[in-house]
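First the structure, in the form of structure tokens, and then the observations on it.
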Protein chains: 2
Amino acid sequence: MSAVESTSGTAGGGDGNPRERVATARRQELLQAALQYADCCREVISQTRSHGVEVDAKPDLSLVTNADLAAERAFRQSVEQDFPDMGIIGEEFGASRPEAAYQWVIDPVDGTADFARELPTWGCIIGVFFEGEPIVGVIDHPDLGLRMHAAHGLGAYCNNERMILQDTVSSRSALTGRVGVPSRSSFTRCSKDGHVFDALVRAHPDFRTLRTCLTHTYAATGQLDAAVEWDANIWDLAATRILIEEAGGRYLCVREREQQGAGMLYSAVFGRPALVDRIAAMLGAHI
Amino acid sequence: MSAVESTSGTAGGGDGNPRERVATARRQELLQAALQYADCCREVISQTRSHGVEVDAKPDLSLVTNADLAAERAFRQSVEQDFPDMGIIGEEFGASRPEAAYQWVIDPVDGTADFARELPTWGCIIGVFFEGEPIVGVIDHPDLGLRMHAAHGLGAYCNNERMILQDTVSSRSALTGRVGVPSRSSFTRCSKDGHVFDALVRAHPDFRTLRTCLTHTYAATGQLDAAVEWDANIWDLAATRILIEEAGGRYLCVREREQQGAGMLYSAVFGRPALVDRIAAMLGAHI
């Protein structure tokens with residue numbers, strides 16, 4: 001099963017779910033390590049900032065800063081030291097030990113363009129997968145004082161407060177629910193899916209577009225009723241499925257495909273279950 | 001001249017500009033009062049929150065809370081006491097003394113839906129106009145620790161740091177500039193302008209949609225290169241023109257019309273001058 005493919009949408013799983021073979025103590029250990037690495041990334045990014053952020057464009061024209069690089073380097077060193085047999089996939093430095101059963105995944109600064117403009121909306125994403133299934137996820141927003149964490153069977157938390165997502169759309173102003181939508185560029189950068197964006201914003205005209213994992217955070221807390229990601233990399237979604245599912249929400253991967261030069265690209269919808277099902281059906285009719 | 005119509009886009013003005021007849025000391029006095037009222041609104045909103053926010057839907061299905069109402073009440077009391085001859089226009093309680101030369105305008109909680117969902121993106125907007133021209137503006141974002149203020153001829157400040165908007169688009173990833181765009185519902189709620197939204201996001205596919213005055217704040221700081229508002233009320237834009245112009249940016253009103261039941265509706269684009277001109281020309285071709 002793919003690393004970001006959905007289960008039935010519930011946090012539990014049967015005997016066939018590889019996650020059940022990871023002992024609770026092990027999941028707790030990995031969660032504690034992930035939280036510690038998130039602290040470390042916060043510190044490294046803060047230090048880099050105090051010396052000055054340097055912004056560069058990557059070959060695909062997306063941005064990278066010295067803070068992204070320093071944080072991912074520090075993260076990789078820690079994982080190498082603490083869990084030398086486990087794999088690592090990072091946005092900036094690629095994959096190590098791709099054959100390992102356990103994989104750590106990091107996007108040290110999701111929303112680098114926002115980070116470079118000093119917008120507080122960026123986040124640090126850390127995930128741990130076992131045989132392709134997510135078991136731990138952390139999304140940290142240092143500039144907003146907001147940290148989400150979850151581990152399989154251990155619940156999802158926002159600033160250490162348990163998150164329970166109700167399957168009701170609470171917004172009275174928007175009968176269709178408040179939905180986080182990627183910018184139109186996400187639909188046209190690697191695909192010719194502009195029409196999918198157009199359909200989405202017609203169905204959910206009161207949408208929000210933040211373009212960072214803050215959308216995932218708000219979908220997990222219920223502050224958005226659902227959110228969509230389009231043609232995202234594994235590190236963009238590394239913590240999302242476990243956070244959403246452990247909060248009681250649903251995560252559906254609506255498309256997964258390989259693109260030359262960009263690797264595997266995932267499109268997903270997640271949030272309150274009934275709304276997620278409705279959006280997934282709508283997207284399915286357009287792709 | 002309309003309260004939200006643009007001047008030439010520079011902060012200064014000739015003899016014909018009524019603002020020049022307001023003495024510097026008077027502008028300073030009004031600015032200090034506006035900042036004090038913003039403090040007061042912060043306090044009232046914070047207190048209301050600690051007792052519990054109650055959300056109601058207005059006849060137009062937009063939301064109002066006990067915090068909006070309490071803050072506007074406190075603001076009006078203060079203005080009545082300090083400046084008994086001046087007019088007041090508020091989102092929740094309408095207009096008093098509409099014939100007065102000086103008008104105070106308030107949106108106590110811009111982004112009530114976000115406020116009700118505990119999203120930190122809402123803001124309190126306060127503006128002062130003299131003979132229809134803005135002379136003082138404050139946008140306060142208590143949950144983000146962010147306050148903008150400006151007065152005619154006295155500069156624009158973000159958390160007391162002077163803002164100077166360069167006329168260059170700094171984003172290397174988006175050659176077209178990073179633009180704040182309203183949700184599609186803003187274009188279809190009072191008008192049949194969905195095609196304007198569609199054109200805008202095709203021209204600026206890497207847009208952001210926050211749906212609150214935080215977009216105006218980021219356009220004034222340059223963290224967004226420009227922003228668009230569509231069919232907005234005077235209180236939504238009460239502080240924007242003075243903030244943008246005093247920061248060295250351009251504010252253009254692209255449409256102003258009266259709508260039965262909704263009053264005067266303003267559509268505007270503001271931010272870095274060259275980009276604002278380009279967007280205004282594009283919008284002009286579609287309306």
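Ordered as shown in the structure tokens, chains take letters A, B, and onward, while each chain numbers its residues from 1 and ligands are numbered from 1 in the order shown.
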**Item:** Members of segment 90-249 of chain A assigned helix (DSSP H, G or I) by DSSP, as a VMD selection string
**Value:** chain A and resid 112 to 116 142 to 144 184 to 188 194 to 203 214 to 221 240 to 246
**Study point:** Shell around Ala220 of chain A at 8 Å using only C-alpha atoms, local window under 2 positions removed, as number ranges by chain
**Key:** A: 163, 165, 216-218, 222-224, 243-244, 247, 249, 271
Writing out the chosen residues with all heavy atoms as a CSV table (one decimal), in the first residue's frame:
chain,number,residue,atom,x,y,z
A,163,MET,N,-7.4,16.3,19.6
A,163,MET,CA,-8.3,16.7,18.6
A,163,MET,C,-9.3,15.7,18.2
A,163,MET,O,-8.9,14.5,18.0
A,163,MET,CB,-7.5,17.1,17.3
A,163,MET,CG,-6.5,18.2,17.5
A,163,MET,SD,-5.8,18.7,15.9
A,163,MET,CE,-4.9,17.2,15.4
A,165,LEU,N,-12.4,15.3,15.5
A,165,LEU,CA,-13.1,16.0,14.4
A,165,LEU,C,-14.5,15.5,14.3
A,165,LEU,O,-14.7,14.3,14.2
A,165,LEU,CB,-12.3,15.6,13.1
A,165,LEU,CG,-12.3,16.6,12.0
A,165,LEU,CD1,-12.0,18.0,12.4
A,165,LEU,CD2,-11.2,16.1,11.0
A,216,HIS,N,-3.5,21.9,6.1
A,216,HIS,CA,-3.6,20.5,6.6
A,216,HIS,C,-3.9,20.6,8.1
A,216,HIS,O,-4.8,19.9,8.6
A,216,HIS,CB,-2.4,19.7,6.4
A,216,HIS,CG,-1.9,19.7,4.9
A,216,HIS,ND1,-1.0,18.7,4.4
A,216,HIS,CD2,-2.1,20.5,3.9
A,216,HIS,CE1,-0.8,19.0,3.2
A,216,HIS,NE2,-1.4,20.0,2.8
A,217,THR,N,-3.2,21.5,8.8
A,217,THR,CA,-3.4,21.7,10.2
A,217,THR,C,-4.8,22.1,10.5
A,217,THR,O,-5.5,21.5,11.3
A,217,THR,CB,-2.4,22.8,10.7
A,217,THR,OG1,-1.1,22.3,10.7
A,217,THR,CG2,-2.7,23.3,12.1
A,218,TYR,N,-5.3,23.1,9.7
A,218,TYR,CA,-6.7,23.5,9.9
A,218,TYR,C,-7.7,22.5,9.5
A,218,TYR,O,-8.9,22.5,10.1
A,218,TYR,CB,-6.9,24.9,9.2
A,218,TYR,CG,-6.2,26.1,9.7
A,218,TYR,CD1,-5.8,27.1,8.9
A,218,TYR,CD2,-6.0,26.2,11.1
A,218,TYR,CE1,-5.1,28.2,9.4
A,218,TYR,CE2,-5.3,27.3,11.6
A,218,TYR,CZ,-4.9,28.3,10.8
A,218,TYR,OH,-4.3,29.4,11.3
A,222,GLY,N,-10.4,21.1,12.3
A,222,GLY,CA,-11.8,21.4,11.9
A,222,GLY,C,-12.0,22.8,11.7
A,222,GLY,O,-13.2,23.2,11.4
A,223,GLN,N,-11.0,23.7,11.7
A,223,GLN,CA,-11.1,25.1,11.4
A,223,GLN,C,-11.4,25.3,9.9
A,223,GLN,O,-12.0,26.3,9.5
A,223,GLN,CB,-9.9,25.9,11.9
A,223,GLN,CG,-9.9,25.9,13.4
A,223,GLN,CD,-8.6,26.5,13.9
A,223,GLN,OE1,-7.6,25.8,13.9
A,223,GLN,NE2,-8.6,27.7,14.4
A,224,LEU,N,-10.9,24.4,9.1
A,224,LEU,CA,-11.4,24.2,7.7
A,224,LEU,C,-12.2,22.9,7.8
A,224,LEU,O,-11.8,21.9,8.5
A,224,LEU,CB,-10.3,24.1,6.7
A,224,LEU,CG,-9.5,25.4,6.4
A,224,LEU,CD1,-8.3,25.1,5.5
A,224,LEU,CD2,-10.4,26.5,5.8
A,243,LEU,N,-2.4,12.4,11.0
A,243,LEU,CA,-3.0,13.5,11.8
A,243,LEU,C,-4.5,13.5,11.6
A,243,LEU,O,-5.3,13.5,12.6
A,243,LEU,CB,-2.5,14.9,11.4
A,243,LEU,CG,-1.1,15.3,12.0
A,243,LEU,CD1,-0.6,16.5,11.3
A,243,LEU,CD2,-1.3,15.6,13.5
A,244,ILE,N,-4.9,13.5,10.3
A,244,ILE,CA,-6.4,13.5,10.0
A,244,ILE,C,-7.1,12.3,10.5
A,244,ILE,O,-8.1,12.4,11.2
A,244,ILE,CB,-6.6,13.6,8.5
A,244,ILE,CG1,-6.1,15.0,8.0
A,244,ILE,CG2,-8.0,13.4,8.1
A,244,ILE,CD1,-6.9,16.2,8.2
A,247,ALA,N,-7.4,12.1,14.2
A,247,ALA,CA,-8.4,13.1,14.7
A,247,ALA,C,-9.8,12.6,14.5
A,247,ALA,O,-10.8,13.3,14.9
A,247,ALA,CB,-8.1,14.4,14.1
A,249,GLY,N,-10.9,12.0,11.2
A,249,GLY,CA,-11.3,12.5,9.9
A,249,GLY,C,-11.0,11.4,8.8
A,249,GLY,O,-10.6,10.3,9.2
A,271,GLY,N,-10.3,15.6,5.7
A,271,GLY,CA,-11.1,16.5,6.6
A,271,GLY,C,-12.3,15.7,7.1
A,271,GLY,O,-12.2,14.5,7.4
TODO: For Arg178 of chain B, work out the shell of residues within 12 Å, counting only C-alpha atoms and skipping chain neighbours fewer than 2 positions away, then give it as a ChimeraX atom specification.
DONE: /A:113-114,117,183,185,210-211 /B:168-176,180-181,200-201,203-209,215,218-219,222-228,271-272,275-276,279
The residue from B:Ala285, B:Ala268, B:Ile242, B:Ala262 with the smallest atom-to-atom distance to Pro59 of chain B, counting only C-alpha atoms, is B:Ala262
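When only C-alpha atoms are used to measure the gap to chain B, the shortest distance among A:Gly127, A:Pro273, A:Gly194, A:Gly90 belongs to A:Gly194.
The nearest approach to chain A among the residues B:Cys158, B:Cys213, B:Cys124, B:Leu144, with only C-alpha atoms taken into account, belongs to B:Leu144.
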Of B:Leu146, B:Leu30, B:Leu237, B:Met86, the one nearest to chain A when counting only C-alpha atoms is B:Leu146
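Candidate residues A:Ala67, A:Glu118, A:Ile45, A:Ser191 were compared for distance to Thr221 of chain B, and the nearest is A:Glu118, using only C-alpha atoms.
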At a cut-off of 9 Å, using only C-alpha atoms, what residues contact Ala232 of chain A? Leave out same-chain residues fewer than 6 positions from it and give the result as a list in words.
Ser186, Met264, Leu265, Tyr266, Ser267 and Ala268 of chain A
Grab the residues selected above and save them as a PDB file, in the first residue's frame with all heavy atoms.
ATOM      1  N   SER A 186      -0.971  24.960  -8.809  1.00  0.00           N
ATOM      2  CA  SER A 186      -0.744  23.563  -8.421  1.00  0.00           C
ATOM      3  C   SER A 186      -1.383  22.598  -9.416  1.00  0.00           C
ATOM      4  O   SER A 186      -0.952  21.457  -9.548  1.00  0.00           O
ATOM      5  CB  SER A 186      -1.335  23.279  -7.038  1.00  0.00           C
ATOM      6  OG  SER A 186      -0.765  24.135  -6.080  1.00  0.00           O
ATOM      7  N   MET A 264       6.969  10.706  -7.627  1.00  0.00           N
ATOM      8  CA  MET A 264       5.562  10.382  -7.400  1.00  0.00           C
ATOM      9  C   MET A 264       4.815  11.637  -6.965  1.00  0.00           C
ATOM     10  O   MET A 264       5.283  12.389  -6.112  1.00  0.00           O
ATOM     11  CB  MET A 264       5.434   9.332  -6.289  1.00  0.00           C
ATOM     12  CG  MET A 264       5.911   7.948  -6.679  1.00  0.00           C
ATOM     13  SD  MET A 264       5.011   7.246  -8.104  1.00  0.00           S
ATOM     14  CE  MET A 264       3.355   7.142  -7.412  1.00  0.00           C
ATOM     15  N   LEU A 265       3.650  11.831  -7.565  1.00  0.00           N
ATOM     16  CA  LEU A 265       2.816  12.984  -7.212  1.00  0.00           C
ATOM     17  C   LEU A 265       1.469  12.485  -6.703  1.00  0.00           C
ATOM     18  O   LEU A 265       0.847  11.610  -7.313  1.00  0.00           O
ATOM     19  CB  LEU A 265       2.608  13.879  -8.443  1.00  0.00           C
ATOM     20  CG  LEU A 265       3.876  14.534  -9.012  1.00  0.00           C
ATOM     21  CD1 LEU A 265       3.533  15.325 -10.278  1.00  0.00           C
ATOM     22  CD2 LEU A 265       4.530  15.446  -7.976  1.00  0.00           C
ATOM     23  N   TYR A 266       1.053  13.043  -5.582  1.00  0.00           N
ATOM     24  CA  TYR A 266      -0.174  12.591  -4.926  1.00  0.00           C
ATOM     25  C   TYR A 266      -1.207  13.725  -4.888  1.00  0.00           C
ATOM     26  O   TYR A 266      -0.864  14.866  -4.584  1.00  0.00           O
ATOM     27  CB  TYR A 266       0.129  12.172  -3.487  1.00  0.00           C
ATOM     28  CG  TYR A 266       1.195  11.096  -3.395  1.00  0.00           C
ATOM     29  CD1 TYR A 266       2.541  11.431  -3.217  1.00  0.00           C
ATOM     30  CD2 TYR A 266       0.853   9.750  -3.505  1.00  0.00           C
ATOM     31  CE1 TYR A 266       3.521  10.452  -3.147  1.00  0.00           C
ATOM     32  CE2 TYR A 266       1.821   8.765  -3.437  1.00  0.00           C
ATOM     33  CZ  TYR A 266       3.156   9.114  -3.255  1.00  0.00           C
ATOM     34  OH  TYR A 266       4.112   8.147  -3.189  1.00  0.00           O
ATOM     35  N   SER A 267      -2.449  13.375  -5.181  1.00  0.00           N
ATOM     36  CA  SER A 267      -3.550  14.327  -5.023  1.00  0.00           C
ATOM     37  C   SER A 267      -4.499  13.730  -4.000  1.00  0.00           C
ATOM     38  O   SER A 267      -4.836  12.547  -4.081  1.00  0.00           O
ATOM     39  CB  SER A 267      -4.258  14.554  -6.356  1.00  0.00           C
ATOM     40  OG  SER A 267      -3.328  15.072  -7.291  1.00  0.00           O
ATOM     41  N   ALA A 268      -4.881  14.532  -3.043  1.00  0.00           N
ATOM     42  CA  ALA A 268      -5.647  13.990  -1.918  1.00  0.00           C
ATOM     43  C   ALA A 268      -6.663  14.997  -1.424  1.00  0.00           C
ATOM     44  O   ALA A 268      -6.537  16.204  -1.652  1.00  0.00           O
ATOM     45  CB  ALA A 268      -4.702  13.619  -0.773  1.00  0.00           C
TER      46      ALA A 268
END
One residue among B:Ala38, B:Val79, B:Leu61, B:Ala274 is nearest to chain A when using only C-alpha atoms, and that residue is B:Leu61
- Contacts of Thr112 of chain A at 9 Å or less, counting only C-alpha atoms, minus same-chain residues fewer than 5 places along, as a ChimeraX atom specification? /A:55,62-65,68,117,122-123,212
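Going from atom CA of Asp236 of chain B to atom CA of Asp110 of chain B covers 7.0 Å.
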Ser96 of chain A environment, 10 Å, only C-alpha atoms, sequence neighbours closer than 6 positions dropped, as a compact mmCIF listing (two decimals) with N, CA, C and O atoms, in the first residue's frame:
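Done, and the output landed in selection01.txt:
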# COMPACT_ATOMS: atom_id res chain seq x y z
N ARG A 76 18.68 14.90 9.51
CA ARG A 76 19.27 13.65 8.98
C ARG A 76 20.36 13.13 9.91
O ARG A 76 20.46 11.92 10.14
N GLU A 80 20.20 9.46 11.61
CA GLU A 80 21.33 8.55 11.35
C GLU A 80 21.89 8.04 12.68
O GLU A 80 22.27 6.88 12.80
N MET A 86 17.18 2.98 9.67
CA MET A 86 15.96 3.50 9.03
C MET A 86 16.29 4.37 7.83
O MET A 86 17.35 4.97 7.75
N GLY A 87 15.34 4.45 6.89
CA GLY A 87 15.52 5.28 5.70
C GLY A 87 15.13 6.73 5.97
O GLY A 87 14.45 7.02 6.96
N ILE A 88 15.57 7.61 5.09
CA ILE A 88 15.22 9.04 5.20
C ILE A 88 14.88 9.56 3.81
O ILE A 88 15.62 9.30 2.85
N ILE A 89 13.76 10.25 3.72
CA ILE A 89 13.39 10.94 2.48
C ILE A 89 13.19 12.40 2.84
O ILE A 89 12.38 12.73 3.71
N GLY A 90 13.97 13.29 2.19
CA GLY A 90 13.82 14.71 2.50
C GLY A 90 13.65 15.51 1.23
O GLY A 90 14.10 15.10 0.16
N GLN A 103 10.71 4.46 7.35
CA GLN A 103 11.17 5.62 6.58
C GLN A 103 10.78 6.90 7.31
O GLN A 103 9.62 7.10 7.65
N TRP A 104 11.77 7.74 7.54
CA TRP A 104 11.52 9.09 8.05
C TRP A 104 11.38 10.02 6.85
O TRP A 104 12.20 9.97 5.93
Which residues are close to segment 132-134 of chain B, i.e. within 12 Å by only C-alpha atoms, leaving aside same-chain residues fewer than 6 positions away? Reply as an mmCIF file with C-alpha atoms, in the first residue's frame.
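Result file selection_27.cif:
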data_model
loop_
_atom_site.group_PDB
_atom_site.id
_atom_site.type_symbol
_atom_site.label_atom_id
_atom_site.label_comp_id
_atom_site.auth_asym_id
_atom_site.auth_seq_id
_atom_site.Cartn_x
_atom_site.Cartn_y
_atom_site.Cartn_z
ATOM 1 C CA MET B 1 -14.354 62.421 -4.085
ATOM 2 C CA SER B 2 -15.337 59.059 -2.759
ATOM 3 C CA ALA B 3 -14.082 57.876 0.561
ATOM 4 C CA VAL B 4 -12.283 54.985 -1.020
ATOM 5 C CA GLU B 5 -11.496 56.385 -4.442
ATOM 6 C CA SER B 6 -7.809 56.724 -5.156
ATOM 7 C CA THR B 7 -5.755 59.841 -5.470
ATOM 8 C CA ALA B 11 0.688 60.171 -0.221
ATOM 9 C CA GLY B 13 -1.659 66.136 -2.299
ATOM 10 C CA GLY B 16 -7.289 70.846 -3.893
ATOM 11 C CA ASN B 17 -6.982 67.932 -1.490
ATOM 12 C CA PRO B 18 -9.223 68.499 1.552
ATOM 13 C CA ARG B 19 -6.761 66.537 3.682
ATOM 14 C CA GLU B 20 -4.301 69.411 3.454
ATOM 15 C CA ARG B 21 -6.732 71.541 5.457
ATOM 16 C CA VAL B 22 -6.423 69.162 8.424
ATOM 17 C CA ARG B 27 -4.059 64.249 12.296
ATOM 18 C CA LEU B 30 -6.939 61.464 15.516
ATOM 19 C CA LEU B 31 -4.252 58.823 14.992
ATOM 20 C CA GLY B 87 -19.900 60.941 12.249
ATOM 21 C CA PRO B 98 -23.658 61.262 8.062
ATOM 22 C CA GLU B 99 -23.449 65.008 7.298
ATOM 23 C CA ALA B 100 -20.336 65.572 9.458
ATOM 24 C CA ALA B 101 -17.041 66.475 7.739
ATOM 25 C CA TYR B 102 -15.161 63.937 9.847
ATOM 26 C CA GLN B 103 -16.311 60.324 9.722
ATOM 27 C CA TRP B 104 -15.038 57.453 11.852
ATOM 28 C CA VAL B 105 -15.451 54.063 10.171
ATOM 29 C CA ILE B 126 -10.605 51.638 12.035
ATOM 30 C CA ALA B 150 -0.936 55.291 9.084
ATOM 31 C CA ALA B 151 -1.948 58.945 8.943
ATOM 32 C CA HIS B 152 -1.890 61.339 6.012
ATOM 33 C CA GLY B 153 1.603 62.749 5.632
ATOM 34 C CA ILE B 234 -16.650 50.990 3.045
ATOM 35 C CA TRP B 235 -15.739 49.507 6.452
ATOM 36 C CA LEU B 237 -11.573 49.181 3.076
ATOM 37 C CA ALA B 238 -11.647 51.918 5.732
ATOM 38 C CA ALA B 239 -7.918 51.775 6.542
ATOM 39 C CA THR B 240 -6.500 50.298 3.361
ATOM 40 C CA ARG B 241 -5.998 53.294 1.081
ATOM 41 C CA ILE B 242 -4.194 55.425 3.663
ATOM 42 C CA LEU B 243 -2.003 52.489 4.759
ATOM 43 C CA ILE B 244 -1.049 51.570 1.201
ATOM 44 C CA GLU B 245 -0.457 55.140 0.020
ATOM 45 C CA GLU B 246 1.530 56.172 3.085
ATOM 46 C CA TYR B 251 -4.580 52.128 -4.358
#
task: Please identify which residues in segment 23-242 of chain A DSSP calls strand (DSSP E) from the backbone, and express them as a PyMOL selection string.
output: chain A and resi 55-57+63-65+87-90+94-96+102-110+123-130+133-141+146-151+155-158+161-162+179-180+226-232
